[in-house]
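The next block is structure.cif, given as mmCIF, C-alpha atoms.
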data_target
loop_
_atom_site.label_atom_id
_atom_site.label_comp_id
_atom_site.auth_asym_id
_atom_site.auth_seq_id
_atom_site.Cartn_x
_atom_site.Cartn_y
_atom_site.Cartn_z
CA MET A 1 -19.41 -5.02 -31.37
CA SER A 2 -15.76 -5.89 -31.90
CA LEU A 3 -12.92 -3.52 -31.20
CA SER A 4 -12.40 -3.11 -34.93
CA ASP A 5 -16.09 -2.51 -35.52
CA ARG A 6 -16.30 0.00 -32.76
CA TYR A 7 -13.21 1.73 -34.02
CA SER A 8 -14.72 1.84 -37.47
CA GLY A 9 -17.80 3.49 -36.05
CA THR A 10 -15.69 6.11 -34.33
CA SER A 11 -13.66 6.57 -37.44
CA GLN A 12 -16.73 7.11 -39.61
CA GLN A 13 -18.03 9.66 -37.16
CA SER A 14 -14.62 11.33 -37.20
CA ARG A 15 -14.69 11.63 -40.96
CA LYS A 16 -18.04 13.42 -40.80
CA ASP A 17 -16.70 15.87 -38.23
CA ALA A 18 -13.34 17.56 -38.08
CA GLU A 19 -11.12 14.56 -37.35
CA PRO A 20 -11.02 14.96 -33.57
CA THR A 21 -7.84 13.64 -32.00
CA VAL A 22 -7.78 11.33 -29.02
CA ASP A 23 -5.85 13.84 -26.96
CA SER A 24 -8.38 16.58 -27.46
CA CYS A 25 -11.32 14.32 -26.84
CA CYS A 26 -13.29 15.28 -23.75
CA LEU A 27 -13.80 11.61 -22.96
CA THR A 28 -10.27 10.49 -22.27
CA THR A 29 -9.92 8.13 -19.33
CA ASP A 30 -9.98 9.86 -16.00
CA ASP A 31 -10.08 8.86 -12.36
CA TYR A 32 -13.47 7.17 -12.06
CA ARG A 33 -13.27 7.40 -8.28
CA GLY A 34 -12.94 11.16 -8.45
CA ILE A 35 -15.96 11.99 -10.57
CA SER A 36 -19.63 11.93 -9.69
CA LEU A 37 -21.81 8.99 -10.62
CA GLY A 38 -23.72 11.26 -13.01
CA ALA A 39 -20.51 12.33 -14.75
CA LEU A 40 -19.38 8.71 -15.01
CA LEU A 41 -22.68 7.65 -16.55
CA ASP A 42 -22.47 10.54 -19.00
CA ARG A 43 -19.01 9.42 -20.04
CA ILE A 44 -20.18 5.88 -20.59
CA SER A 45 -23.12 6.93 -22.73
CA ALA A 46 -21.25 9.54 -24.77
CA ASP A 47 -19.89 8.71 -28.19
CA GLY A 48 -16.18 8.39 -27.69
CA LEU A 49 -13.49 6.33 -26.04
CA ALA A 50 -13.24 4.79 -22.59
CA PRO A 51 -15.02 3.84 -20.45
CA GLY A 52 -16.51 1.16 -22.65
CA GLY A 53 -17.89 -2.31 -22.08
CA GLY A 54 -14.84 -3.55 -20.20
CA SER A 55 -14.83 -0.72 -17.71
CA ALA A 56 -18.60 -0.98 -17.31
CA SER A 57 -18.36 -4.71 -16.60
CA ALA A 58 -15.59 -4.04 -14.05
CA LEU A 59 -17.71 -1.41 -12.34
CA THR A 60 -20.66 -3.81 -12.29
CA VAL A 61 -18.47 -6.34 -10.49
CA ALA A 62 -17.41 -3.56 -8.10
CA PHE A 63 -21.06 -2.75 -7.35
CA ALA A 64 -21.70 -6.45 -6.69
CA ALA A 65 -18.68 -6.68 -4.38
CA ARG A 66 -19.84 -3.68 -2.36
CA LEU A 67 -23.32 -5.20 -2.06
CA VAL A 68 -21.74 -8.36 -0.64
CA ALA A 69 -19.80 -6.17 1.78
CA MET A 70 -23.02 -4.48 2.89
CA VAL A 71 -24.76 -7.81 3.47
CA ALA A 72 -21.77 -9.10 5.46
CA ARG A 73 -21.68 -5.93 7.53
CA CYS A 74 -25.37 -6.39 8.34
CA SER A 75 -24.83 -9.97 9.54
CA PRO A 76 -22.90 -9.48 12.79
CA GLU A 77 -24.06 -12.83 14.17
CA TRP A 78 -22.10 -14.67 11.51
CA ASP A 79 -18.52 -15.40 12.65
CA ASP A 80 -16.99 -15.05 9.18
CA ALA A 81 -18.82 -11.83 8.33
CA GLY A 82 -15.84 -9.58 9.08
CA GLY A 83 -13.52 -11.69 6.96
CA VAL A 84 -15.96 -11.78 4.06
CA LEU A 85 -16.47 -8.03 4.35
CA ALA A 86 -12.71 -7.44 4.03
CA GLN A 87 -12.46 -9.72 1.00
CA ALA A 88 -15.45 -8.10 -0.70
CA ASN A 89 -14.02 -4.62 -0.20
CA ALA A 90 -10.62 -5.72 -1.51
CA ILE A 91 -12.19 -7.24 -4.63
CA GLY A 92 -14.32 -4.12 -5.10
CA GLU A 93 -11.19 -1.95 -5.13
CA ARG A 94 -9.46 -4.32 -7.54
CA ALA A 95 -12.46 -4.15 -9.86
CA VAL A 96 -12.35 -0.33 -9.93
CA ASP A 97 -8.62 -0.47 -10.64
CA LEU A 98 -9.39 -2.82 -13.53
CA ALA A 99 -12.00 -0.38 -14.85
CA HIS A 100 -9.17 2.15 -15.16
CA THR A 101 -6.77 -0.41 -16.62
CA ASP A 102 -9.31 -1.49 -19.19
CA GLY A 103 -10.10 2.12 -20.09
CA ARG A 104 -6.45 2.92 -20.71
CA ALA A 105 -5.86 -0.28 -22.67
CA TRP A 106 -8.96 0.40 -24.73
CA ASP A 107 -7.83 3.93 -25.56
CA ASP A 108 -4.34 2.73 -26.47
CA ALA A 109 -5.72 0.00 -28.71
CA LEU A 110 -7.99 2.46 -30.50
CA VAL A 111 -5.10 4.83 -31.13
CA ALA A 112 -2.95 1.97 -32.44
CA LEU A 113 -5.77 0.83 -34.72
CA ARG A 114 -6.19 4.35 -36.04
CA ASP A 115 -2.47 4.70 -36.67
CA ALA A 116 -2.50 1.41 -38.55
CA GLU A 117 -5.44 2.53 -40.66
CA VAL A 118 -3.93 5.94 -41.43
CA ALA A 119 -0.55 4.44 -42.31
CA ALA A 120 -2.14 1.75 -44.46
CA ASP A 121 1.16 -0.06 -44.92
CA ASP A 122 2.64 -3.35 -43.73
CA ASP A 123 5.28 -1.98 -41.39
CA PRO A 124 6.08 -5.01 -39.18
CA ARG A 125 6.95 -2.76 -36.23
CA ARG A 126 3.54 -1.10 -36.39
CA SER A 127 1.84 -4.47 -36.69
CA PHE A 128 3.75 -5.74 -33.66
CA ALA A 129 2.86 -2.62 -31.66
CA LEU A 130 -0.79 -3.04 -32.58
CA GLU A 131 -0.69 -6.69 -31.59
CA GLN A 132 0.79 -5.74 -28.21
CA LYS A 133 -1.95 -3.16 -27.62
CA LEU A 134 -4.64 -5.65 -28.49
CA GLU A 135 -3.10 -8.22 -26.16
CA ALA A 136 -3.19 -5.65 -23.37
CA ALA A 137 -6.80 -4.85 -24.19
CA ALA A 138 -7.64 -8.52 -23.71
CA SER A 139 -5.98 -9.02 -20.35
CA ALA A 140 -8.19 -6.68 -18.32
CA PRO A 141 -11.51 -8.33 -19.29
CA LEU A 142 -9.98 -11.68 -18.45
CA GLU A 143 -9.21 -10.49 -14.94
CA ILE A 144 -12.62 -8.85 -14.65
CA ALA A 145 -14.33 -12.16 -15.47
CA SER A 146 -12.24 -13.85 -12.80
CA LEU A 147 -13.19 -11.22 -10.22
CA GLY A 148 -16.84 -11.67 -11.19
CA ALA A 149 -16.56 -15.36 -10.35
CA ASP A 150 -14.94 -14.52 -7.02
CA VAL A 151 -17.68 -12.06 -6.10
CA ALA A 152 -20.34 -14.60 -7.05
CA ALA A 153 -18.60 -17.11 -4.75
CA LEU A 154 -18.59 -14.59 -1.91
CA ALA A 155 -22.25 -13.73 -2.58
CA ALA A 156 -23.13 -17.43 -2.43
CA ALA A 157 -21.32 -17.79 0.90
CA VAL A 158 -23.00 -14.70 2.29
CA GLY A 159 -26.41 -15.74 0.95
CA GLU A 160 -26.25 -19.01 2.89
CA ARG A 161 -25.43 -17.50 6.23
CA CYS A 162 -26.44 -13.83 6.28
CA ASP A 163 -29.30 -12.19 8.09
CA ALA A 164 -32.46 -13.24 6.18
CA THR A 165 -33.40 -9.59 5.64
CA TYR A 166 -30.49 -9.17 3.26
CA ARG A 167 -30.55 -12.50 1.41
CA ALA A 168 -32.18 -10.89 -1.63
CA ASP A 169 -29.32 -8.37 -1.76
CA ALA A 170 -26.84 -11.24 -1.75
CA ALA A 171 -28.70 -12.79 -4.67
CA ALA A 172 -28.73 -9.45 -6.47
CA ALA A 173 -24.97 -9.20 -5.94
CA ALA A 174 -24.46 -12.68 -7.38
CA ALA A 175 -26.57 -11.80 -10.42
CA LEU A 176 -24.61 -8.60 -11.00
CA ALA A 177 -21.30 -10.40 -10.60
CA ALA A 178 -22.39 -13.06 -13.07
CA GLY A 179 -23.47 -10.36 -15.51
CA GLY A 180 -20.12 -8.60 -15.20
CA ALA A 181 -18.27 -11.87 -15.69
CA ALA A 182 -20.36 -12.75 -18.75
CA ALA A 183 -19.81 -9.32 -20.30
CA ALA A 184 -16.08 -9.47 -19.68
CA ALA A 185 -15.80 -13.01 -21.05
CA HIS A 186 -17.69 -11.85 -24.13
CA LEU A 187 -15.14 -9.06 -24.63
CA VAL A 188 -12.29 -11.55 -24.37
CA ARG A 189 -14.01 -13.79 -26.90
CA VAL A 190 -15.09 -11.19 -29.44
CA ASN A 191 -12.87 -8.14 -29.31
CA LEU A 192 -9.63 -9.82 -30.18
CA GLY A 193 -11.10 -12.58 -32.24
CA ILE A 194 -8.95 -15.09 -30.42
CA ARG A 195 -9.03 -18.72 -31.41
CA GLY A 196 -11.23 -21.21 -29.62
CA SER A 197 -8.16 -23.08 -28.40
CA ASP A 198 -6.66 -20.01 -26.73
CA PRO A 199 -6.27 -20.79 -23.01
CA ARG A 200 -7.32 -17.25 -22.12
CA LEU A 201 -10.71 -17.87 -23.66
CA ALA A 202 -11.07 -21.11 -21.71
CA ARG A 203 -10.27 -19.26 -18.48
CA ALA A 204 -12.74 -16.49 -19.25
CA LEU A 205 -15.51 -18.95 -20.08
CA GLU A 206 -14.78 -20.95 -16.95
CA SER A 207 -15.12 -17.81 -14.84
CA GLU A 208 -18.34 -16.90 -16.61
CA GLN A 209 -19.81 -20.36 -16.07
CA MET A 210 -18.76 -20.51 -12.45
CA ALA A 211 -20.33 -17.12 -11.72
CA ARG A 212 -23.52 -18.00 -13.56
CA GLU A 213 -23.99 -21.30 -11.74
CA LEU A 214 -23.45 -19.69 -8.37
CA ALA A 215 -25.85 -16.86 -9.19
CA ASP A 216 -28.51 -19.24 -10.55
CA GLY A 217 -28.29 -21.35 -7.42
CA LEU A 218 -28.73 -18.37 -5.17
CA LEU A 219 -31.53 -16.82 -7.22
CA GLU A 220 -33.48 -20.08 -7.22
CA THR A 221 -33.37 -20.42 -3.45
CA THR A 222 -34.01 -16.80 -2.52
CA MET B 223 13.05 -20.21 10.18
CA SER B 224 16.14 -19.46 12.26
CA ARG B 225 16.19 -19.76 16.04
CA ALA B 226 16.62 -16.00 16.33
CA ALA B 227 13.49 -15.39 14.25
CA THR B 228 11.39 -16.95 16.98
CA LEU B 229 12.71 -14.62 19.70
CA SER B 230 10.65 -11.76 21.07
CA ASP B 231 12.12 -8.28 20.75
CA ALA B 232 13.31 -8.32 24.37
CA GLU B 233 14.97 -11.73 23.91
CA LEU B 234 16.53 -10.50 20.69
CA VAL B 235 17.99 -7.46 22.45
CA ARG B 236 19.50 -9.67 25.14
CA ALA B 237 20.98 -12.02 22.53
CA CYS B 238 22.48 -9.08 20.63
CA ARG B 239 24.02 -7.74 23.82
CA ALA B 240 25.53 -11.17 24.39
CA GLY B 241 27.22 -10.89 21.00
CA ASP B 242 25.14 -13.44 19.12
CA PRO B 243 25.75 -12.71 15.39
CA GLU B 244 22.58 -14.57 14.38
CA ALA B 245 20.58 -12.25 16.62
CA TRP B 246 22.12 -9.20 14.99
CA ASN B 247 21.22 -10.53 11.58
CA GLU B 248 17.68 -11.11 12.76
CA LEU B 249 17.41 -7.61 14.21
CA VAL B 250 18.45 -6.09 10.88
CA GLU B 251 16.10 -8.43 9.00
CA ARG B 252 13.20 -7.63 11.33
CA TYR B 253 13.60 -3.86 11.25
CA SER B 254 15.23 -2.96 7.93
CA ARG B 255 11.94 -2.52 6.07
CA TYR B 256 10.52 -0.58 9.00
CA VAL B 257 13.39 1.91 9.06
CA TYR B 258 13.33 2.27 5.33
CA ALA B 259 9.54 2.75 5.26
CA ILE B 260 9.70 5.53 7.86
CA ALA B 261 12.36 7.31 5.80
CA VAL B 262 10.77 6.90 2.39
CA ARG B 263 7.04 6.83 3.10
CA GLY B 264 6.88 8.85 6.30
CA PHE B 265 9.46 11.52 5.53
CA ARG B 266 9.52 11.26 1.73
CA LEU B 267 13.31 11.09 1.65
CA ALA B 268 15.01 10.44 -1.65
CA ASP B 269 16.56 7.00 -2.01
CA GLU B 270 20.06 8.33 -1.48
CA ASP B 271 19.10 10.09 1.78
CA ALA B 272 17.06 7.11 2.94
CA GLU B 273 20.08 4.89 2.39
CA ASP B 274 22.20 7.23 4.54
CA VAL B 275 19.57 7.21 7.27
CA PHE B 276 19.37 3.44 7.08
CA GLN B 277 23.12 3.01 7.52
CA ASP B 278 23.30 5.54 10.32
CA VAL B 279 20.36 4.14 12.26
CA PHE B 280 21.73 0.61 12.28
CA THR B 281 25.18 1.86 13.21
CA ARG B 282 23.62 3.67 16.18
CA ILE B 283 21.61 0.63 17.15
CA TYR B 284 24.80 -1.42 17.11
CA THR B 285 26.80 1.05 19.16
CA ARG B 286 24.09 2.18 21.56
CA LEU B 287 22.01 -0.89 22.25
CA ASP B 288 23.29 -0.88 25.82
CA SER B 289 21.58 2.48 26.37
CA LEU B 290 18.13 1.00 25.69
CA ARG B 291 16.45 1.03 29.10
CA ASP B 292 13.49 -1.20 28.40
CA ASP B 293 14.26 -4.26 26.25
CA ASP B 294 10.59 -4.52 25.28
CA ALA B 295 10.74 -1.01 23.81
CA LEU B 296 13.05 -1.88 20.92
CA ARG B 297 10.62 -0.82 18.20
CA PRO B 298 9.72 2.61 19.60
CA TRP B 299 13.41 3.20 20.23
CA ILE B 300 14.32 2.37 16.64
CA ALA B 301 11.43 4.51 15.42
CA GLN B 302 12.67 7.45 17.48
CA LEU B 303 16.24 7.04 16.22
CA THR B 304 14.99 6.87 12.65
CA ARG B 305 12.69 9.88 12.94
CA ARG B 306 15.51 12.00 14.39
CA ARG B 307 17.88 11.03 11.61
CA CYS B 308 15.22 11.75 9.00
CA LEU B 309 14.63 15.20 10.47
CA ASP B 310 18.39 15.83 10.37
CA ALA B 311 18.44 14.75 6.74
CA LEU B 312 15.57 17.08 5.88
CA ALA B 313 17.26 19.98 7.69
CA SER B 314 20.54 19.40 5.93
CA ARG B 315 18.78 19.28 2.59
CA GLY B 316 17.96 22.96 2.64
CA ARG B 317 15.03 23.56 4.89
CA GLU B 318 15.87 26.98 6.31
CA THR B 319 14.15 26.52 9.62
CA ALA B 320 14.73 23.70 12.03
CA VAL B 321 12.39 20.81 11.39
CA ASP B 322 10.65 19.01 14.21
CA GLU B 323 8.02 16.30 14.22
CA GLU B 324 5.30 18.81 14.98
CA GLY B 325 6.30 20.54 11.76
CA LEU B 326 5.32 17.51 9.68
CA GLY B 327 2.29 17.98 7.49
CA PRO B 328 -0.88 15.97 8.14
CA GLU B 329 -0.13 13.79 5.14
CA GLU B 330 3.35 12.92 6.38
CA SER B 331 2.03 12.24 9.89
CA ALA B 332 -0.66 9.99 8.44
CA ASP B 333 1.95 8.12 6.43
CA LEU B 334 4.08 7.63 9.55
CA ALA B 335 1.03 6.27 11.38
CA GLU B 336 0.41 3.95 8.44
CA VAL B 337 3.97 2.65 8.58
CA GLU B 338 3.50 1.93 12.28
CA GLU B 339 0.22 0.16 11.63
CA ALA B 340 1.71 -1.89 8.81
CA PHE B 341 4.48 -3.03 11.10
CA VAL B 342 2.05 -4.06 13.82
CA VAL B 343 -0.01 -6.03 11.28
CA ARG B 344 3.14 -7.66 9.92
CA GLU B 345 4.12 -8.77 13.40
CA ALA B 346 0.65 -10.18 14.03
CA LEU B 347 0.73 -11.98 10.68
CA ALA B 348 4.00 -13.62 11.66
CA GLY B 349 2.18 -15.22 14.58
CA LEU B 350 -0.36 -16.99 12.35
CA SER B 351 0.07 -20.47 10.87
CA GLU B 352 2.11 -20.66 7.68
CA THR B 353 -1.03 -21.74 5.82
CA CYS B 354 -2.88 -18.63 6.94
CA GLN B 355 0.08 -16.39 6.13
CA ASP B 356 0.27 -17.92 2.69
CA MET B 357 -3.44 -17.57 1.95
CA LEU B 358 -3.64 -13.97 3.13
CA ASP B 359 -0.53 -13.09 1.16
CA ARG B 360 -1.89 -14.69 -1.98
CA PHE B 361 -5.27 -12.97 -1.75
CA PHE B 362 -4.44 -9.52 -0.37
CA THR B 363 -0.88 -8.95 -1.59
CA ARG B 364 -0.62 -10.91 -4.80
CA ASP B 365 -4.28 -10.37 -5.79
CA GLN B 366 -4.74 -14.02 -6.68
CA SER B 367 -8.24 -15.26 -7.50
CA TYR B 368 -9.92 -17.97 -5.44
CA LYS B 369 -9.48 -20.37 -8.32
CA THR B 370 -5.74 -19.71 -8.59
CA ILE B 371 -5.31 -20.17 -4.84
CA ALA B 372 -7.38 -23.35 -4.93
CA ASP B 373 -5.43 -24.78 -7.87
CA GLU B 374 -2.00 -23.97 -6.46
CA LEU B 375 -2.76 -25.22 -2.94
CA ALA B 376 -4.92 -28.16 -4.06
CA ILE B 377 -7.84 -27.01 -1.92
CA PRO B 378 -11.51 -27.01 -3.05
CA SER B 379 -12.26 -23.62 -4.62
CA GLY B 380 -15.54 -23.25 -2.74
CA THR B 381 -13.78 -23.25 0.62
CA ILE B 382 -11.18 -20.54 -0.08
CA ALA B 383 -13.27 -17.52 0.91
CA SER B 384 -14.27 -19.05 4.24
CA ARG B 385 -10.69 -20.16 4.96
CA ILE B 386 -9.44 -16.64 4.32
CA ALA B 387 -12.22 -15.26 6.50
CA ARG B 388 -11.15 -17.54 9.36
CA CYS B 389 -7.52 -16.51 8.95
CA LEU B 390 -8.60 -12.88 9.11
CA GLY B 391 -10.53 -13.69 12.27
CA ARG B 392 -7.35 -15.08 13.83
CA LEU B 393 -5.42 -12.02 12.71
CA LYS B 394 -8.01 -9.78 14.31
CA GLN B 395 -7.78 -11.81 17.49
CA ALA B 396 -4.00 -11.34 17.48
CA LEU B 397 -4.36 -7.60 16.97
CA GLU B 398 -7.26 -7.14 19.41
CA PRO B 399 -7.00 -9.92 22.00
CA GLU B 400 -9.87 -8.42 24.05
CA SER B 401 -12.36 -8.54 21.18
#

Would you mind writing the file out in C-alpha cells?
Amino acid sequence: MSLSDRYSGTSQQSRKDAEPTVDSCCLTTDDYRGISLGALLDRISADGLAPGGGSASALTVAFAARLVAMVARCSPEWDDAGGVLAQANAIGERAVDLAHTDGRAWDDALVALRDAEVAADDDPRRSFALEQKLEAAASAPLEIASLGADVAALAAAVGERCDATYRADAAAAAALAAGGAAAAAHLVRVNLGIRGSDPRLARALESEQMARELADGLLETT
Amino acid sequence: MSRAATLSDAELVRACRAGDPEAWNELVERYSRYVYAIAVRGFRLADEDAEDVFQDVFTRIYTRLDSLRDDDALRPWIAQLTRRRCLDALASRGRETAVDEEGLGPEESADLAEVEEAFVVREALAGLSETCQDMLDRFFTRDQSYKTIADELAIPSGTIASRIARCLGRLKQALEPES
C-alpha cells in the first residue's frame, strides 16, 4: 500500500469518525525502547500512524542483529567472535534508532499529505513542504535496507565459523535481515513512486539482493 | 603527525618544561577535548562556564607544570584540576552549600566515569594502525555501511566485517594486555 493509499484509508476512516487529529491520536510515535513488546505489537496492529512498515522492517533487522550477537557470544572459540558481537550490537542499536526515525518521518508525511488534501490548492510552498516530507520518509527505509544487508553479511560470517549448535540461529538471522531489507526496499520503491532511474532505488535494490543472496546461501547449507 | 604527537605523556611533560612550543601545542591538542568533556558532560556546565574552566585549567597547567610530581600522572592531574575548577564554577553559580565530588549525583558520576573511559579508548585507538583507526571510525562513529566502507577504501565488501573484528581484537589487546 502506498503512502497516499494508506493516507487515504486513514482519511476515510477519519471521515466516518469525528476527524481525529494527529496530536490527539493515541498512536503517536513514542520511545519503542521504553514500552513493552506487547504494547509495541499493539501499536503496530492498531489502525493509526507510526509504527508502520518501515519501523517494523527496522525492528526486524534489529532482531536479526541481536540474534547474530547471541550466536557470536556463544562461539567463544572463534577469534573474531567478540568483534562480530560488537558490530552486531551496534547495528542493532542503529536499526532501532531508524525505527524511530522512520516513525517520525511517516507521521510528518501523513500530516503534510492531510494538509495538502484539506487545502486543496496549488500553493507552491505547501507542495515543496510536502515533497520534503516525502523525501525524508524515503531516506529511512533506504538506510534500513542497507543495514539489513550488513546484518545478513554478519550472519553469513557467523554461520561459517560459529559453534554448530547455533548455526540455525545464524541462518534465521540472515533470513530475517533479508526480509527486513526486502520490506524496506519495497517501501523505497512504492511509497514515493520514485522513478526507476533514481539512484536511491538502485541502492535499495542492491541491498535487498545482497541480503537475499547471503541468506539463501546460508539457508541452503544449514 | 608531528613529532610531539608521538611522545608519551611523561615525555611530553619534559618537553613542555624544556620550553618546546610544539610540545605545548600537542598537550593542548591532546587534552582539550578531555577537559571540555569533563566540564560539559561530567558537570553539566553551560558552554560559557565550560569555556571559563577550559581557559583556567590550561593557564594553571602552563604555570604549575613544575609542581607535577610524577610525569606519568599528567592525565589524573589535569582531571583533578578540571574537577576542582568545575566545582568552583558550580558553587559560584548559586549552589548555597559547598559542592564536593561526593555531592555529585550518580548520573554525573557515571558521566565522569564515561569521559574517563572514552579518553582511555581514544588513547588506545591512537596506538592502532591508521587503517584500523579509519575502519573503526567509519563503522562506529560515522555509521557507514560495509558497502560504503568497501567502496571508499577499495576493499572487497565481504571482508569488511572480519577486518573490523580484527581491529577490535587489537584494540581490546591494547586496553587489556593480559587478556

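Near chain A, the residues of chain B that fall inside 8 Å (using all atoms listed in the file) are Phe362, Ser367, Tyr368, Gly380, Ala383, Ser384, Ile386, Ala387, Arg388, Cys389, Leu390 and Gly391 of chain B.
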
Could you save the residues just selected, with C-alpha atoms, as a PDB file, keeping the file's coordinate frame?
ATOM      1  CA  PHE B 362      -4.440  -9.520  -0.370  1.00  0.00           C
ATOM      2  CA  SER B 367      -8.240 -15.260  -7.500  1.00  0.00           C
ATOM      3  CA  TYR B 368      -9.920 -17.970  -5.440  1.00  0.00           C
ATOM      4  CA  GLY B 380     -15.540 -23.250  -2.740  1.00  0.00           C
ATOM      5  CA  ALA B 383     -13.270 -17.520   0.910  1.00  0.00           C
ATOM      6  CA  SER B 384     -14.270 -19.050   4.240  1.00  0.00           C
ATOM      7  CA  ILE B 386      -9.440 -16.640   4.320  1.00  0.00           C
ATOM      8  CA  ALA B 387     -12.220 -15.260   6.500  1.00  0.00           C
ATOM      9  CA  ARG B 388     -11.150 -17.540   9.360  1.00  0.00           C
ATOM     10  CA  CYS B 389      -7.520 -16.510   8.950  1.00  0.00           C
ATOM     11  CA  LEU B 390      -8.600 -12.880   9.110  1.00  0.00           C
ATOM     12  CA  GLY B 391     -10.530 -13.690  12.270  1.00  0.00           C
TER      13      GLY B 391
END

Self-check item: Shortest interatomic distance to Leu393 of chain B - which of B:Ile371, B:Val257, B:Leu358, B:Leu234, counting all atoms listed in the file
Solution: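 Nearest to Leu393 of chain B: B:Leu358.
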
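This file, queried with the PyMOL selection byres ((chain B and resi 271) around 9), gives the residues Ala261, Val262, Leu267, Ala268, Asp269, Glu270, Ala272, Glu273, Asp274, Val275, Phe276, Cys308, Ala311 and Leu312 of chain B.
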
Quiz item: How would you write, as a VMD selection string, the residues chosen by the PyMOL selection byres ((chain B and resi 249) around 12) on this structure?
Solution: chain B and resid 226 to 239 242 to 248 250 to 257 280 283 to 284 287 296 to 297 300

Box time for segment 387-393 of chain B: axis-aligned, enclosing all its listed atoms, 5 Å extra on each side; report centre and edge lengths in Å to one decimal, as JSON.
{"center_x": -8.8, "center_y": -14.8, "center_z": 10.2, "size_x": 16.8, "size_y": 15.5, "size_z": 17.3}

Exercise. Enter the distance from atom CA of Ala335 of chain B to atom CA of Trp299 of chain B, in Å, rounded to one decimal.
Key: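 According to the coordinates, atom CA of Ala335 of chain B and atom CA of Trp299 of chain B are separated by 15.5 Å.
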
Quiz item: Written as number ranges by chain, what is the full residue list that the PyMOL selection byres ((chain A and resi 102) around 10) yields on the file shown?
Solution: A: 29, 50-58, 96-101, 103-108, 136-141, 143-144

Quiz item: Suppose you want the space between atom CA of Asp123 of chain A and atom CA of Leu142 of chain A; what is it in Å?
Solution: 29.2 Å

Self-check item: All residues 8 Å or closer to Ala155 of chain A, all atoms listed in the file, same chain fewer than 4 positions away omitted, as a list in words
Solution: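 Close residues of Ala155 of chain A: Val68, Val151, Gly159, Ala170, Ala171, Ala173 and Ala174 of chain A.
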
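If you look at atom CA of Arg126 of chain A and atom CA of Ala112 of chain A, they are 8.2 Å away from each other.
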
Exercise. Tell me which of B:Arg291, B:Arg306, B:Arg392, B:Arg266 sits closest to Gly349 of chain B, counting all atoms listed in the file.
Key: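 So, comparing all the options, the nearest one is B:Arg392.
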
Self-check item: Close residues, segment 344-347 of chain B itself excluded, 9 Å, only C-alpha atoms, min 3 positions apart in chain, as a PyMOL selection string
Solution: chain B and resi 339-341+350-351+354-355+358+393-394+396-397

Practice problem: Pick out the closest residue to Thr165 of chain A from this set: A:Met70, A:Val118, A:Ala46, A:Ser36. Count only C-alpha atoms. | Solution: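 That would be A:Met70, the residue with the smallest distance to Thr165 of chain A.
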
Exercise. Using only C-alpha atoms, find the one residue out of B:Ile382, B:Val343, B:Ala295, B:Ile260 that sits nearest to Leu309 of chain B.
Key: B:Ile260

Practice problem: Please identify all polymer residues within 12 Å of Gln209 of chain A, counting only C-alpha atoms, omitting same-chain residues fewer than 2 positions from it, and present them as a PyMOL selection string. | Solution: chain A and resi 145-146+148-150+152-153+177-183+185-186+202-207+211-216
